[in-house]
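Report on one structure; see the data block that follows.
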Amino acid sequence: MARPEKVRLGEILVGQKFISEEQLKLALEEQKRTGRKLGRFFVEQGYVTEEQISEAIAKQLNIPFINLKYYNLKPEIVRLLPETQARRFRAVVMEQKAGGVLVGMADPTDLFAYDEIARILKHDINLAVVNETLLLAAIDRFYRRTEEISDLAHELEDDLGDSAVDFGTLGLNQSLEDAPVVKLLQSVFEDAAQIRASDVHIEPQEARLQIRFRIDGVLHLQTEADPKIATALALRLKLMSGLDISEKRLPQDGRFNVKLKNQSIDIRISTMPTQHGESVVMRLLSQSSGALGLDRLGFPPDMLKRFRELFTRPHGMVLVTGPTGSGKTTTLYSVLSELNSVETKIITVEDPVEYRLPGINQVQVNEKIDLTFSRVLRSALRQDPDIMLIGEMRDQETAQIAMRAAITGHMVLSTLHTNDAVSTPIRLLDMGVPRYMVAMSIQAVLAQRLVRMVCESCAADYAPLPSELTWLSLEIGAEAKNRRYVLGRGCSQCNGTGFAGRIGVYEMMEMTAPLAEAVNHHDPNHFIKLARQSLAGGSLRRHAVTLAVNGKTTVAEAMRVSNVAEE
């Protein structure tokens, strides 16, 4: 292909009637003033979308526009171009054929980039236009640090040698920023952040050390290394989080913060002595992403409207329930970010504080110094709050203080570990909370789970198994066999898993007058029967089936989360 001509983006968009001369003039003035790229300004102002810009350039240059969302890139082909150049020139190698290579570029009119890519690849280049956002996401996925992590692990291994190493001096020398252990951990964190892993597990086994990442709720092996480097890693992490480096026999918890490129990540760390050394698990909480909006969590529209009406009441209690890792904290923080305003005093009592929200008073519980949930709660009530968030109601005392606050004019938000919405009031009664308190304080209970979403790029039609059809028909009857279902085949977009991202599955029980009365009934089955009737059509299982029918998730995923709820 001939070298592309230099063209002006503004003139292309005016020529193809995407923008007016007036809009171009405004954008050029802005560019002169700030030096920002024209394309970015057009998109931010809502004049055009990224796709429209890409299509306009493709039409002008008479080259194809390729949507990376539906294109299966191959790692070995992509890596023909080094990461530095791929990021700098916003380019990705897509195909290699006898006639040359196909390169996708966000801006194929960049002649310097074209010449440099041709020099590096030493092949004839055919160009295609690709969307910049999708291109950057692809670069993040493909230039993973797997090899770098393995190499650094070997370097650390060689560095330690066979002799006994004084890990104390290795760790206490804080200036060792170039030490292999520091570089290895930096690479692990960067790789985890790049692929949006929620947890990093460093686990010493008898013959190897394994490092695993949890992505969309499922663990994936990142790398394996010599087990002798495990002690050095655990020690360095303990130093970073201010833990006792000499204590290897007891579990410890801590936290620290790392800065990676343009984002700050809070890391919660837990160490546990195992047979072959200390196992370290870290939860990664990105501070830059902040709380998600409630609209993005996957609520059915009617439920979200009603949920908003309930948590904006002046007092009462809203409980979010579900197992560990079901997204309860994310939901509550999304609620808090909606309620957060200058006129409202919000206090949170947590163990630990997971997300940091500006304008909110967040208190970290510390059992070691007797700063318990109940003690902090009593003090918090004297701080004149309008809204309180309690990380978890763990015992009778905490639950009673929280419910008293809900009855006496505060909006209280909290979580509880129960399987579904219906069993939550019964659980509180089991904890020893008086019936009248449960009946008077609770406004609503939201039960939730997370299901993995089918990757849009490789979704294909799927015929459910007979057992799956039977399960589906329990919810939607004979209609089940006439619906279309999907399954992800696995592609470069989803690292071969067939899934990309997660979405919430919800059921909400509103505490109506008849239900409040039923709580006071001596037979819990009376309440359970009435509560189940009030949920008709709005259960976790129904929502999971709806997601499967709408092609958002697989039937197997829907069955997995709702069967857990029904145990």
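Order determines the names: the first chain of the structure tokens is A, the second B, and so forth; residues in each chain are numbered 1 upward, and ligands are numbered 1 upward as they are shown.
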Test item, alpha helix (DSSP H) assignment across stretch 292-489 of chain A, answer as an NGL selection string: :A and (301-311 or 328-339 or 373-381 or 396-407 or 424-430 or 435-441 or 466-476)
Run DSSP on the backbone of this structure and report the residues of stretch 79-276 of chain A it assigns to strand (DSSP E), as number ranges by chain. A: 91-97, 100-105, 125-129, 199-204, 209-215, 218-225, 252-260, 263-274
Considering only C-alpha atoms, state which residue in the set A:Ala230, A:Val280, A:Cys491, A:Ile347 is at the smallest distance from A:Leu73. A:Cys491
Counting only C-alpha atoms, what is within 8 Å of A:Leu297, bar same-chain residues fewer than 3 positions away, as a VMD selection string? chain A and resid 292 to 294 331 503 to 504
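Those residues that approach A:Ala405 to within 12 Å, counting only C-alpha atoms, are Pro314, His315, Gly316, Met317, Leu377, Arg378, Ser379, Ala380, Leu381, Arg382, Asp384, Pro385, Asp386, Ile387, Met388, Leu389, Ile390, Thr398, Ala399, Met411, Val412, Leu413, Met437, Met440, Ser441 and Ile442 of chain A; same-chain residues fewer than 6 positions away are not listed.
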Output N, CA and C atoms for every residue in the selection just made, as an mmCIF file, in the first residue's frame.
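Writing the result to result.cif gives the following:
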```
data_model
loop_
_atom_site.group_PDB
_atom_site.id
_atom_site.type_symbol
_atom_site.label_atom_id
_atom_site.label_comp_id
_atom_site.auth_asym_id
_atom_site.auth_seq_id
_atom_site.Cartn_x
_atom_site.Cartn_y
_atom_site.Cartn_z
ATOM 1 N N PRO A 314 -36.287 9.849 54.967
ATOM 2 C CA PRO A 314 -35.481 10.487 56.023
ATOM 3 C C PRO A 314 -34.958 9.522 57.084
ATOM 4 N N HIS A 315 -35.631 8.385 57.286
ATOM 5 C CA HIS A 315 -35.136 7.437 58.299
ATOM 6 C C HIS A 315 -35.566 6.025 57.945
ATOM 7 N N GLY A 316 -34.982 5.066 58.678
ATOM 8 C CA GLY A 316 -35.258 3.659 58.397
ATOM 9 C C GLY A 316 -33.960 2.939 58.080
ATOM 10 N N MET A 317 -34.091 1.639 57.784
ATOM 11 C CA MET A 317 -32.893 0.842 57.496
ATOM 12 C C MET A 317 -33.049 0.124 56.156
ATOM 13 N N LEU A 377 -20.238 3.222 66.735
ATOM 14 C CA LEU A 377 -21.637 3.575 66.441
ATOM 15 C C LEU A 377 -22.215 4.512 67.498
ATOM 16 N N ARG A 378 -21.946 4.196 68.759
ATOM 17 C CA ARG A 378 -22.476 5.047 69.834
ATOM 18 C C ARG A 378 -21.937 6.473 69.707
ATOM 19 N N SER A 379 -20.641 6.579 69.409
ATOM 20 C CA SER A 379 -20.030 7.901 69.255
ATOM 21 C C SER A 379 -20.565 8.602 68.008
ATOM 22 N N ALA A 380 -20.727 7.811 66.936
ATOM 23 C CA ALA A 380 -21.192 8.393 65.666
ATOM 24 C C ALA A 380 -22.578 9.015 65.821
ATOM 25 N N LEU A 381 -23.411 8.403 66.639
ATOM 26 C CA LEU A 381 -24.767 8.942 66.842
ATOM 27 C C LEU A 381 -24.733 10.304 67.543
ATOM 28 N N ARG A 382 -23.658 10.584 68.276
ATOM 29 C CA ARG A 382 -23.536 11.894 68.922
ATOM 30 C C ARG A 382 -22.916 12.935 67.982
ATOM 31 N N ASP A 384 -24.318 13.845 65.181
ATOM 32 C CA ASP A 384 -25.428 14.429 64.425
ATOM 33 C C ASP A 384 -25.449 14.008 62.945
ATOM 34 N N PRO A 385 -25.426 12.675 62.689
ATOM 35 C CA PRO A 385 -25.469 12.246 61.278
ATOM 36 C C PRO A 385 -26.897 12.206 60.733
ATOM 37 N N ASP A 386 -27.016 12.342 59.397
ATOM 38 C CA ASP A 386 -28.316 12.116 58.739
ATOM 39 C C ASP A 386 -28.362 10.678 58.226
ATOM 40 N N ILE A 387 -27.208 10.240 57.702
ATOM 41 C CA ILE A 387 -27.133 8.897 57.096
ATOM 42 C C ILE A 387 -25.922 8.175 57.676
ATOM 43 N N MET A 388 -26.107 6.891 57.999
ATOM 44 C CA MET A 388 -24.989 6.091 58.500
ATOM 45 C C MET A 388 -24.861 4.807 57.681
ATOM 46 N N LEU A 389 -23.620 4.470 57.367
ATOM 47 C CA LEU A 389 -23.379 3.186 56.716
ATOM 48 C C LEU A 389 -22.579 2.329 57.687
ATOM 49 N N ILE A 390 -23.076 1.145 57.972
ATOM 50 C CA ILE A 390 -22.375 0.209 58.855
ATOM 51 C C ILE A 390 -21.900 -0.943 57.981
ATOM 52 N N THR A 398 -24.364 -4.517 67.853
ATOM 53 C CA THR A 398 -24.272 -3.625 66.688
ATOM 54 C C THR A 398 -25.635 -3.481 66.021
ATOM 55 N N ALA A 399 -26.319 -4.638 65.822
ATOM 56 C CA ALA A 399 -27.625 -4.629 65.148
ATOM 57 C C ALA A 399 -28.635 -3.789 65.927
ATOM 58 N N MET A 411 -31.199 7.529 58.551
ATOM 59 C CA MET A 411 -31.226 6.513 57.500
ATOM 60 C C MET A 411 -29.972 5.658 57.693
ATOM 61 N N VAL A 412 -30.178 4.357 57.910
ATOM 62 C CA VAL A 412 -29.055 3.448 58.174
ATOM 63 C C VAL A 412 -28.939 2.445 57.019
ATOM 64 N N LEU A 413 -27.723 2.320 56.471
ATOM 65 C CA LEU A 413 -27.454 1.359 55.400
ATOM 66 C C LEU A 413 -26.469 0.330 55.947
ATOM 67 N N MET A 437 -38.289 -4.156 66.948
ATOM 68 C CA MET A 437 -37.228 -3.371 66.300
ATOM 69 C C MET A 437 -37.086 -3.737 64.826
ATOM 70 N N MET A 440 -40.165 -2.399 62.905
ATOM 71 C CA MET A 440 -40.271 -0.950 62.777
ATOM 72 C C MET A 440 -39.145 -0.303 61.973
ATOM 73 N N SER A 441 -37.942 -0.915 61.996
ATOM 74 C CA SER A 441 -36.790 -0.212 61.409
ATOM 75 C C SER A 441 -36.562 -0.511 59.929
ATOM 76 N N ILE A 442 -36.778 -1.778 59.510
ATOM 77 C CA ILE A 442 -36.402 -2.146 58.126
ATOM 78 C C ILE A 442 -37.376 -1.564 57.102
#
```
